[in-house]
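Trainee: A single structure is presented below for examination.
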Protein chains: 10
Amino acid sequence: MDKQAMRAAILEAKAQKGITWEQLGQTIDMSPVWTASACLGENSMPAELAREICHTLELSSEVATALQECPLKGSNSEETVPRDPLIYRLYEVMTVYGESIKQVIHEKFGDGIMSAIDFTLDVDVEKDPKGDRVVLTWNGKFLPYKRW
Amino acid sequence: MDKQAMRAAILEAKAQKGITWEQLGQTIDMSPVWTASACLGENSMPAELAREICHTLELSSEVATALQECPLKGSNSEETVPRDPLIYRLYEVMTVYGESIKQVIHEKFGDGIMSAIDFTLDVDVEKDPKGDRVVLTWNGKFLPYKRW
Amino acid sequence: MDKQAMRAAILEAKAQKGITWEQLGQTIDMSPVWTASACLGENSMPAELAREICHTLELSSEVATALQECPLKGSNSEETVPRDPLIYRLYEVMTVYGESIKQVIHEKFGDGIMSAIDFTLDVDVEKDPKGDRVVLTWNGKFLPYKRW
Amino acid sequence: MDKQAMRAAILEAKAQKGITWEQLGQTIDMSPVWTASACLGENSMPAELAREICHTLELSSEVATALQECPLKGSNSEETVPRDPLIYRLYEVMTVYGESIKQVIHEKFGDGIMSAIDFTLDVDVEKDPKGDRVVLTWNGKFLPYKRW
Amino acid sequence: MDKQAMRAAILEAKAQKGITWEQLGQTIDMSPVWTASACLGENSMPAELAREICHTLELSSEVATALQECPLKGSNSEETVPRDPLIYRLYEVMTVYGESIKQVIHEKFGDGIMSAIDFTLDVDVEKDPKGDRVVLTWNGKFLPYKRW
Amino acid sequence: MDKQAMRAAILEAKAQKGITWEQLGQTIDMSPVWTASACLGENSMPAELAREICHTLELSSEVATALQECPLKGSNSEETVPRDPLIYRLYEVMTVYGESIKQVIHEKFGDGIMSAIDFTLDVDVEKDPKGDRVVLTWNGKFLPYKRW
Amino acid sequence: MDKQAMRAAILEAKAQKGITWEQLGQTIDMSPVWTASACLGENSMPAELAREICHTLELSSEVATALQECPLKGSNSEETVPRDPLIYRLYEVMTVYGESIKQVIHEKFGDGIMSAIDFTLDVDVEKDPKGDRVVLTWNGKFLPYKRW
Amino acid sequence: MDKQAMRAAILEAKAQKGITWEQLGQTIDMSPVWTASACLGENSMPAELAREICHTLELSSEVATALQECPLKGSNSEETVPRDPLIYRLYEVMTVYGESIKQVIHEKFGDGIMSAIDFTLDVDVEKDPKGDRVVLTWNGKFLPYKRW
Amino acid sequence: MDKQAMRAAILEAKAQKGITWEQLGQTIDMSPVWTASACLGENSMPAELAREICHTLELSSEVATALQECPLKGSNSEETVPRDPLIYRLYEVMTVYGESIKQVIHEKFGDGIMSAIDFTLDVDVEKDPKGDRVVLTWNGKFLPYKRW
Amino acid sequence: MDKQAMRAAILEAKAQKGITWEQLGQTIDMSPVWTASACLGENSMPAELAREICHTLELSSEVATALQECPLKGSNSEETVPRDPLIYRLYEVMTVYGESIKQVIHEKFGDGIMSAIDFTLDVDVEKDPKGDRVVLTWNGKFLPYKRW
């Protein structure tokens with residue numbers, strides 16, 4: 001079973017049972033974003049967690065095996081510039097604020113980057129009478145450039 | 001004076017005086033990321049703040065005028081996929097986690113998007129003995145899709 | 001049932017019954033453009049409206065479920081520049097008049113954008129002896145840029 | 001004098017005199033969007049209007065000559081997908097609603113297109129206590145496909 | 001039946017019967033280029049002509065229905081620059097002579113374009129002892145730019 | 001003197017003298033399209049004709065030399081898909097009718113192409129009470145595919 | 001039977017019988033490159049040769065019919081820059097030596113091109129103790145640019 | 001002096017003296033294609049030959065130094081698909097015949113490629129009463145794939 | 001059996017048997033990277049090795065035949081810029097250090113390239129208390145540019 | 001002084017003094033690849049090393065200041081696919097062997113990537129009677145994917 005079939009099986013079972021990513025994440029004590037990313041085929045899952053997911057969703061062990069494989073990431077879409085408006089806004093922020101973020105990170109940390117591997121990302125709701133707000137917290141290890 | 005000349009003048013003065021974005025932002029009571037974005041030509045600045053920046057950096061009023069103009073955003077680079085490793089990591093996160101973020105936002109807020117206009121972004125240092133971490137906090141108003 | 005299958009089912013039923021988007025929209029008291037966009041898979045529909053659509057078109061509840069899902073928008077085509085002449089003209093207007101529209105909006109509203117989310121679009125016929133005219137009315141909330 | 005130099009001269013004079021597109025358009029009894037498009041180099045202007053613009057802005061007759069030339073349209077930017085957020089929203093609407101607009105136009109007019117040549121576009125402010133709204137009115141002649 | 005299936009059915013029947021586009025066009029009193037464009041899925045056909053085509057080719061009424069639909073034009077290929085040598089030569093002429101054609105049309109007609117909608121195109125053979133020549137006659141209504 | 005400088009010199013002199021491509025072509029007994037293409041830098045001109053052009057426009061012999069050089073064609077624009085509406089229509093016709101033209105040419109001539117080298121193109125006005133029409137006549141030698 | 005099915009049938013039969021392109025070409029007295037190009041779907045084959053190929057490979061007359069059709073060339077790959085290392089080297093030579101070849105051809109022949117239609121290409125082995133060499137001989141008619 | 005300046009100096013001197021690539025190549029006992037490629041900035045030249053070229057063209061020793069540098073090849077153009085018709089034909093042959101060439105080379109040599117480094121290319125004239133022909137001879141060492 | 005089917009069969013059998021590329025390579029006395037590249041369809045395998053692979057994985061002789069064919073390399077992905085983070089890092093190194101590598105190779109070897117055909121690549125683990133390191137050793141024959 | 005001017009100054013001084021990257025690296029006790037990357041504008045250099053470089057090359061302190069700035073990496077070229085043959089081979093290896101390298105790294109290290117930041121790269125000569133070989137040693141820290 002490849003990642004595409006795994007993904008379809010999980011999305012169908014999740015919809016039929018009416019389980020959210022939040023709830024699914026709680027069954028394995030992980031965040032909803034990471035749980036979703038593994039179920040959508042963008043991350044690999046340890047065996048124990050994969051079995052638990054399949055137990056919750058009543059899916060076969062083939063799905064659990066597929067969840068453990070290291071994925072070829074980024075292959076769900078071939079768009080260089082995303083077209084979905086929600087995902088495009090992430091791209092737009094990179095375009096408008098990318099250089100400013102770069103300069104402030106260099107100012108605070110020196111030459112290097114924020115890791116996207118040793119990295120977590122959480123989505124929170126901030127209540128606001130003028131309209132609730134989405135808060136994304138990106139947390140990545142600073143990696144200084146090695147010189148040799 | 002166009003935005004390119006304005007940007008060059010500010011960067012040169014800032015380097016000569018050894019002022020950081022953090023410090024420059026404090027003189028106008030704004031965050032370093034937003035201050036940098038306006039000085040780099042990606043945002044417009046109210047007249048009073050623009051004058052204060054020029055006062056601090058000892059720049060002419062032409063620079064202050066240019067700071068107030070509405071920019072053609074995103075024009076500092078023509079790359080569709082960014083090549084700078086730090087900025088690329090922002091793109092990579094969108095590629096790997098974009099769909100997961102989308103699903104979790106829809107789960108928590110319903111159909112709509114996170115605004116990139118009614119939006120703030122802060123860069124913080126999280127001390128960690130295994131290596132300090134970069135924390136980016138993205139905060140955007142949730143905009144539900146209008147139906148008509 | 002995914003959005004592609006939903007879309008095909010709706011288009012086939014609509015053709016067989018000879019119902020227009022105008023008529024279909026009237027059954028749910030919505031505009032034809034929005035109704036079409038949801039049926040083509042570019043918007044999500046509230047449960048009650050989705051059921052009504054399926055009732056009118058004599059389609060299964062699976063279609064109604066699919067209509068309610070938040071879509072990955074813009075995925076019906078992979079063209080960056082559209083090739084269909086009617087759709088291309090929308091692109092051409094953006095190319096020829098985009099900067100002018102931007103300047104006039106900034107002149108009238110200040111720095112910010114016209115929302116494409118809190119947004120409606122209507123198509124009307126303007127009778128004209130020299131040839132009827134298409135009138136598109138775009139109506140989007142002005143969103144001023146937040147500074148922080 | 002080419003269109004780039006003409007455009008720069010007009011924008012500089014307009015800024016120095018503090019004249020808006022609305023006002024500039026009124027001096028020649030034309031709309032602000034069309035006036036801007038001609039001054040930005042995306043349309044040609046009749047001789048009389050061009051002279052009036054140069055009179056108002058105190059510019060040389062070379063500018064008036066340049067205003068009358070047929071431009072190579074769309075050459076101010078080389079971006080296939082626009083990056084400026086305001087202009088991008090026009091692109092996004094085309095992506096999300098383009099096919100729906102096409103279907104409704106065909107439903108109301110038959111096979112053909114909305115002209116982008118025999119075409120006008122106006123920007124209006126719609127006052128709204130929840131936030132003012134931008135209204136764009138696109139008005140183009142319907143052109144039926146010729147068969148031969 | 002979608003345009004792809006329609007197209008395949010027509011091409012197969014046409015090949016089996018050994019009918020040319022010229023002959024097929026004569027049965028409906030239309031030109032071979034336009035007849036081919038409708039049968040290949042790039043134009044819509046009036047009901048009467050569609051029925052005649054299906055009668056000639058002994059095809060089902062589903063094909064006739066599909067022939068009448070307004071197509072999403074330009075979707076048979078996703079190539080931005082065509083690779084087929086014959087079609088590429090059309091692109092090459094646009095590249096090499098496009099600006100010259102533009103200047104001569106402006107010289108003869110003023111500012112505006114040649115319509116590709118109110119448009120006909122014919123292919124003729126010009127006998128020549130040094131090698132026969134292909135003559136393409138493009139005939140499009142001149143559309144002057146509207147000013148407003 | 002390179003082709004860019006040559007082109008600029010010719011366009012300036014032509015504008016100052018108020019000469020059309022039609023008239024300029026008549027001085028060398030050539031068509032306006034070809035004359036324009038050589039003056040714009042897309043074709044090479046025989047020495048005698050080049051001298052005549054320079055004589056008419058009162059330009060130096062350096063221009064005449066530049067006119068004789070074999071150009072790197074297609075280098076005036078880097079757009080893959082043209083953005084100017086007039087030139088885009090040529091692209092649109094290729095997109096919509098390209099395959100039909102190909103099929104009809106093969107039907108009339110066999111396997112091969114229409115040359116874009118042994119080729120002429122003329123622009124004519126067709127008077128029409130409903131609006132004058134642009135007629136482009138493309139005339140290229142048919143080249144059959146060699147087999148070996 | 002379309003070109004894709006034809007191609008697959010020929011490649012399978014050729015592999016099962018262990019016949020080379022050289023041998024297949026000899027049965028119809030044609031070169032191996034041209035024979036391969038027709039069998040791979042990039043050229044059309046006269047009826048007699050097509051029948052002979054099908055006789056040799058024991059394939060049905062449908063294959064012979066498909067071999068005679070004029071193909072949409074270049075459609076086997078959608079890569080603009082080829083990725084296969086052997087084919088990429090042809091691209092690399094064009095990139096590195098293209099302008100030099102152009103200058104030398106103009107020097108020897110005047111303004112014009114080497115035809116890729118009235119064209120042959122052969123692959124030969126040149127024995128060499130330091131490593132055998134591949135020799136490609138490209139032979140195309142020179143086509144001078146027509147002036148009109 | 002960089003390669004661009006070197007190239008311009010050589011082309012100007014070559015034009016003024018009326019020397020061909022053939023003649024220039026003879027002064028250093030090299031082929032015209034290779035001589036042109038080095039002078040155009042696509043190859044490096046040994047010191048002795050570079051001095052000879054500068055002697056012939058009466059150019060400074062700076063040009064000779066620039067000729068000896070290893071170039072960043074392929075940087076004279078940024079086009080992925082070439083637009084000049086003569087150079088495009090090289091691309092077209094790769095598109096139409098690339099896969100056939102690959103199959104025949106594998107058939108004659110096994111798995112590997114034709115080198116574009118240990119490589120020569122010559123341009124010859126083949127006299128023909130029906131029109132002279134261009135003959136390009138590509139000669140590259142066969143490099144078998146290493147296995148390890 | 002084509003390369004896609006071959007690849008799928010090998011990957012499935014390898015997963016079921018729990019064999020690593022390291023182990024599979026040892027059965028044929030080859031490196032894991034090369035073994036993987038041939039099994040994934042990017043290299044051809046000699047008959048004897050192919051049979052041994054099929055023996056180990058208990059696969060049919062059709063797989064062994066497919067393993068021996070010369071592949072169309074690089075066809076497993078159509079991405080110009082890779083999106084998978086691990087593979088992207090290879091691209092990033094090329095982007096950041098490519099020109100430096102080029103200059104140092106020219107300094108040590110003269111004008112020429114490192115072959116990617118007469119080439120080996122090994123992956124090793126370097127133990128490190130601060131985190132193990134990946135060591136890639138690229139070993140390619142230097143090929144000097146031929147001059148002629 | 002920006003990175004472009006810095007780079008030009010260093011390359012000119014280095015050429016005039018006839019110093020190699022190897023020698024320049026030795027003056028600061030760093031490798032030639034890293035030294036080149038900083039001098040070409042792709043890495044930042046500590047103040048002390050920058051001063052030493054400027055001392056050796058007799059360059060002004062402005063160059064030393066520019067060497068210390070964090071660069072916008074990857075901006076020396078805008079090519080997505082590199083055209084220089086030596087640099088292209090790095091791209092080709094990624095295309096042909098990228099997936100194999102990925103699988104073997106995952107096999108040896110688990111899910112994660114090889115860092116391109118905590119990374120070194122050396123170029124060595126391997127003497128070989130059949131032709132010397134280039135050896136590139138890539139050494140990057142393995143970064144396991146964080147789960148949260």
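In the structure tokens, each chain is lettered A, B, ... as it comes, each chain's residues begin at 1, and ligands are numbered from 1 in order of appearance.
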Could you list, as JSON, numbers by chain, every residue of chain I that has an atom within 6 Å of an atom of chain J, counting only C-alpha atoms?
Mentor: {"I": [33, 36, 37, 74, 86, 87, 89, 95, 96, 98, 100, 113, 116, 132, 133, 134, 135, 136, 137, 138, 139, 140, 141, 142]}
Trainee: The selected residues should be written to file as a JSON list (two decimals), in the first residue's frame (atoms: N, CA and C atoms).
Mentor:
```json
[["chain", "number", "residue", "atom", "x", "y", "z"],
["I", 33, "VAL", "N", 24.07, 2.17, -3.02],
["I", 33, "VAL", "CA", 23.51, 3.26, -3.82],
["I", 33, "VAL", "C", 23.29, 2.81, -5.27],
["I", 36, "ALA", "N", 20.42, 0.31, -5.47],
["I", 36, "ALA", "CA", 19.14, 1.00, -5.38],
["I", 36, "ALA", "C", 18.82, 1.72, -6.68],
["I", 37, "SER", "N", 19.80, 2.39, -7.25],
["I", 37, "SER", "CA", 19.53, 3.18, -8.47],
["I", 37, "SER", "C", 19.06, 2.28, -9.60],
["I", 74, "GLY", "N", 15.93, 9.94, -14.96],
["I", 74, "GLY", "CA", 15.36, 11.19, -14.45],
["I", 74, "GLY", "C", 13.87, 11.30, -14.65],
["I", 86, "LEU", "N", 15.21, 16.12, 1.98],
["I", 86, "LEU", "CA", 16.52, 15.48, 1.89],
["I", 86, "LEU", "C", 17.12, 15.71, 0.50],
["I", 87, "ILE", "N", 16.32, 15.50, -0.53],
["I", 87, "ILE", "CA", 16.85, 15.69, -1.89],
["I", 87, "ILE", "C", 17.07, 17.18, -2.17],
["I", 89, "ARG", "N", 18.25, 19.31, -0.20],
["I", 89, "ARG", "CA", 19.55, 19.75, 0.33],
["I", 89, "ARG", "C", 20.68, 19.55, -0.68],
["I", 95, "THR", "N", 23.43, 25.06, -5.30],
["I", 95, "THR", "CA", 23.15, 26.48, -5.43],
["I", 95, "THR", "C", 24.15, 27.34, -4.67],
["I", 96, "VAL", "N", 24.44, 26.93, -3.45],
["I", 96, "VAL", "CA", 25.30, 27.75, -2.58],
["I", 96, "VAL", "C", 26.78, 27.55, -2.91],
["I", 98, "GLY", "N", 28.06, 25.61, -5.66],
["I", 98, "GLY", "CA", 28.38, 25.17, -7.02],
["I", 98, "GLY", "C", 29.49, 25.96, -7.67],
["I", 100, "SER", "N", 31.79, 27.77, -6.22],
["I", 100, "SER", "CA", 33.06, 27.57, -5.50],
["I", 100, "SER", "C", 33.70, 26.25, -5.89],
["I", 113, "ILE", "N", 35.44, 19.08, -16.64],
["I", 113, "ILE", "CA", 34.37, 18.78, -15.69],
["I", 113, "ILE", "C", 34.64, 17.50, -14.93],
["I", 116, "ALA", "N", 29.78, 12.58, -14.50],
["I", 116, "ALA", "CA", 28.70, 11.98, -13.73],
["I", 116, "ALA", "C", 28.35, 10.61, -14.30],
["I", 132, "ASP", "N", 25.52, 12.02, 14.84],
["I", 132, "ASP", "CA", 26.20, 11.33, 13.73],
["I", 132, "ASP", "C", 26.10, 12.16, 12.46],
["I", 133, "ARG", "N", 27.06, 11.90, 11.58],
["I", 133, "ARG", "CA", 27.13, 12.68, 10.34],
["I", 133, "ARG", "C", 27.02, 11.77, 9.12],
["I", 134, "VAL", "N", 26.40, 12.34, 8.07],
["I", 134, "VAL", "CA", 26.30, 11.64, 6.80],
["I", 134, "VAL", "C", 27.49, 12.07, 5.96],
["I", 135, "VAL", "N", 28.21, 11.10, 5.40],
["I", 135, "VAL", "CA", 29.33, 11.43, 4.52],
["I", 135, "VAL", "C", 29.03, 10.86, 3.12],
["I", 136, "LEU", "N", 28.96, 11.75, 2.16],
["I", 136, "LEU", "CA", 28.79, 11.32, 0.77],
["I", 136, "LEU", "C", 30.11, 11.50, 0.04],
["I", 137, "THR", "N", 30.59, 10.45, -0.58],
["I", 137, "THR", "CA", 31.83, 10.56, -1.34],
["I", 137, "THR", "C", 31.49, 10.43, -2.82],
["I", 138, "TRP", "N", 31.71, 11.53, -3.54],
["I", 138, "TRP", "CA", 31.47, 11.58, -4.98],
["I", 138, "TRP", "C", 32.82, 11.41, -5.66],
["I", 139, "ASN", "N", 32.91, 10.49, -6.59],
["I", 139, "ASN", "CA", 34.18, 10.22, -7.23],
["I", 139, "ASN", "C", 33.95, 10.12, -8.74],
["I", 140, "GLY", "N", 34.39, 11.15, -9.47],
["I", 140, "GLY", "CA", 34.15, 11.16, -10.92],
["I", 140, "GLY", "C", 35.42, 11.49, -11.67],
["I", 141, "LYS", "N", 35.58, 10.87, -12.82],
["I", 141, "LYS", "CA", 36.77, 11.11, -13.64],
["I", 141, "LYS", "C", 36.78, 12.56, -14.11],
["I", 142, "PHE", "N", 37.95, 13.17, -14.08],
["I", 142, "PHE", "CA", 38.06, 14.52, -14.65],
["I", 142, "PHE", "C", 38.14, 14.41, -16.16]]
```
Trainee: Need the shell around Thr27 (chain G): protein/DNA/RNA residues with any atom at most 12 Å away, counting only C-alpha atoms. Skip same-chain ones fewer than 2 positions apart. Format as JSON, numbers by chain?
Mentor: {"G": [19, 20, 21, 22, 23, 24, 25, 29, 30, 31, 32, 35, 48, 49, 50, 51, 52, 53, 54, 55, 56, 57]}
Trainee: Go ahead and dump the residues you just picked, N, CA, C and O atoms, as a short mmCIF file (atom, residue, chain, number, x, y, z; two decimals), in the first residue's frame.
Mentor:
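After the write, out-v8.cif holds the following:
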```
data_model
loop_
_atom_site.label_atom_id
_atom_site.label_comp_id
_atom_site.auth_asym_id
_atom_site.auth_seq_id
_atom_site.Cartn_x
_atom_site.Cartn_y
_atom_site.Cartn_z
N ILE G 19 15.16 -8.11 -32.24
CA ILE G 19 15.55 -7.42 -33.48
C ILE G 19 16.07 -6.04 -33.13
O ILE G 19 15.51 -5.36 -32.25
N THR G 20 17.11 -5.59 -33.79
CA THR G 20 17.64 -4.24 -33.55
C THR G 20 16.99 -3.25 -34.51
O THR G 20 16.39 -3.64 -35.52
N TRP G 21 17.18 -1.94 -34.19
CA TRP G 21 16.68 -0.91 -35.11
C TRP G 21 17.42 -1.00 -36.44
O TRP G 21 16.84 -0.75 -37.50
N GLU G 22 18.69 -1.35 -36.36
CA GLU G 22 19.49 -1.52 -37.57
C GLU G 22 18.84 -2.56 -38.48
O GLU G 22 18.63 -2.33 -39.68
N GLN G 23 18.53 -3.71 -37.87
CA GLN G 23 17.92 -4.80 -38.67
C GLN G 23 16.52 -4.42 -39.16
O GLN G 23 16.17 -4.68 -40.30
N LEU G 24 15.77 -3.81 -38.28
CA LEU G 24 14.40 -3.43 -38.66
C LEU G 24 14.45 -2.43 -39.82
O LEU G 24 13.66 -2.51 -40.76
N GLY G 25 15.40 -1.49 -39.72
CA GLY G 25 15.56 -0.53 -40.80
C GLY G 25 15.91 -1.20 -42.11
O GLY G 25 15.44 -0.81 -43.19
N ASP G 29 14.74 -0.87 -45.91
CA ASP G 29 15.77 -0.10 -46.62
C ASP G 29 15.83 1.37 -46.14
O ASP G 29 15.99 2.28 -46.95
N MET G 30 15.67 1.54 -44.84
CA MET G 30 15.75 2.88 -44.27
C MET G 30 16.77 2.85 -43.13
O MET G 30 17.17 1.80 -42.65
N SER G 31 17.17 4.04 -42.69
CA SER G 31 18.17 4.13 -41.63
C SER G 31 17.57 3.76 -40.28
O SER G 31 16.35 3.86 -40.08
N PRO G 32 18.41 3.34 -39.34
CA PRO G 32 17.88 2.95 -38.02
C PRO G 32 17.27 4.14 -37.26
O PRO G 32 16.27 3.96 -36.57
N THR G 35 13.81 4.88 -38.78
CA THR G 35 12.92 3.76 -38.47
C THR G 35 12.47 3.83 -37.01
O THR G 35 11.28 3.68 -36.70
N GLU G 48 3.35 1.11 -47.46
CA GLU G 48 4.09 -0.11 -47.80
C GLU G 48 5.11 -0.47 -46.73
O GLU G 48 5.25 -1.62 -46.32
N LEU G 49 5.82 0.56 -46.27
CA LEU G 49 6.84 0.30 -45.24
C LEU G 49 6.16 -0.13 -43.94
O LEU G 49 6.66 -1.01 -43.23
N ALA G 50 5.03 0.50 -43.63
CA ALA G 50 4.33 0.16 -42.39
C ALA G 50 3.90 -1.30 -42.42
O ALA G 50 4.01 -2.02 -41.42
N ARG G 51 3.40 -1.73 -43.56
CA ARG G 51 2.99 -3.14 -43.66
C ARG G 51 4.18 -4.07 -43.49
O ARG G 51 4.10 -5.11 -42.84
N GLU G 52 5.31 -3.67 -44.07
CA GLU G 52 6.50 -4.53 -43.97
C GLU G 52 6.95 -4.64 -42.51
O GLU G 52 7.32 -5.72 -42.05
N ILE G 53 6.93 -3.53 -41.80
CA ILE G 53 7.31 -3.55 -40.37
C ILE G 53 6.39 -4.51 -39.61
O ILE G 53 6.86 -5.34 -38.82
N CYS G 54 5.10 -4.40 -39.87
CA CYS G 54 4.15 -5.24 -39.15
C CYS G 54 4.31 -6.72 -39.53
O CYS G 54 4.12 -7.61 -38.72
N HIS G 55 4.67 -6.94 -40.78
CA HIS G 55 4.93 -8.31 -41.22
C HIS G 55 6.14 -8.87 -40.44
O HIS G 55 6.09 -9.97 -39.90
N THR G 56 7.21 -8.09 -40.39
CA THR G 56 8.42 -8.54 -39.70
C THR G 56 8.17 -8.80 -38.22
O THR G 56 8.64 -9.78 -37.65
N LEU G 57 7.43 -7.91 -37.61
CA LEU G 57 7.21 -8.02 -36.16
C LEU G 57 5.95 -8.81 -35.82
O LEU G 57 5.60 -8.94 -34.65
#
```
Trainee: Distance CA of Ser44 (chain C)-CA of Pro71 (chain C), one decimal place?
Mentor: 6.6 Å
Trainee: Enumerate the residues of region 37-116 of chain J with a DSSP assignment of helix (DSSP H, G or I), computed from the backbone, and present them as a PyMOL selection string.
Mentor: chain J and resi 37-39+47-57+61-68+85-109
Trainee: Which residues, written as a ChimeraX atom specification, have at least one atom at most 12 Å from Gln16 (chain B), with only C-alpha atoms counted and residues fewer than 5 positions away on the same chain left out?
Mentor: /B:9-11,57-58 /J:1,62,65
Trainee: Take CA of Ser60 (chain J) and CA of Arg147 (chain A) and report the distance between them in Å, one decimal.
Mentor: 23.5 Å
Trainee: Taking only region 94-145 of chain J into account, list the residues labelled strand (DSSP E or B) by DSSP (computed from the backbone), as a ChimeraX atom specification.
Mentor: /J:112-126,133-144
Trainee: Using only C-alpha atoms, which of the listed residues (C:Tyr145, C:Arg7, C:Lys17, C:Gln26) sits closest to Leu67 (chain C)?
Mentor: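 Ranked by minimum distance to Leu67 (chain C), first place goes to C:Arg7.
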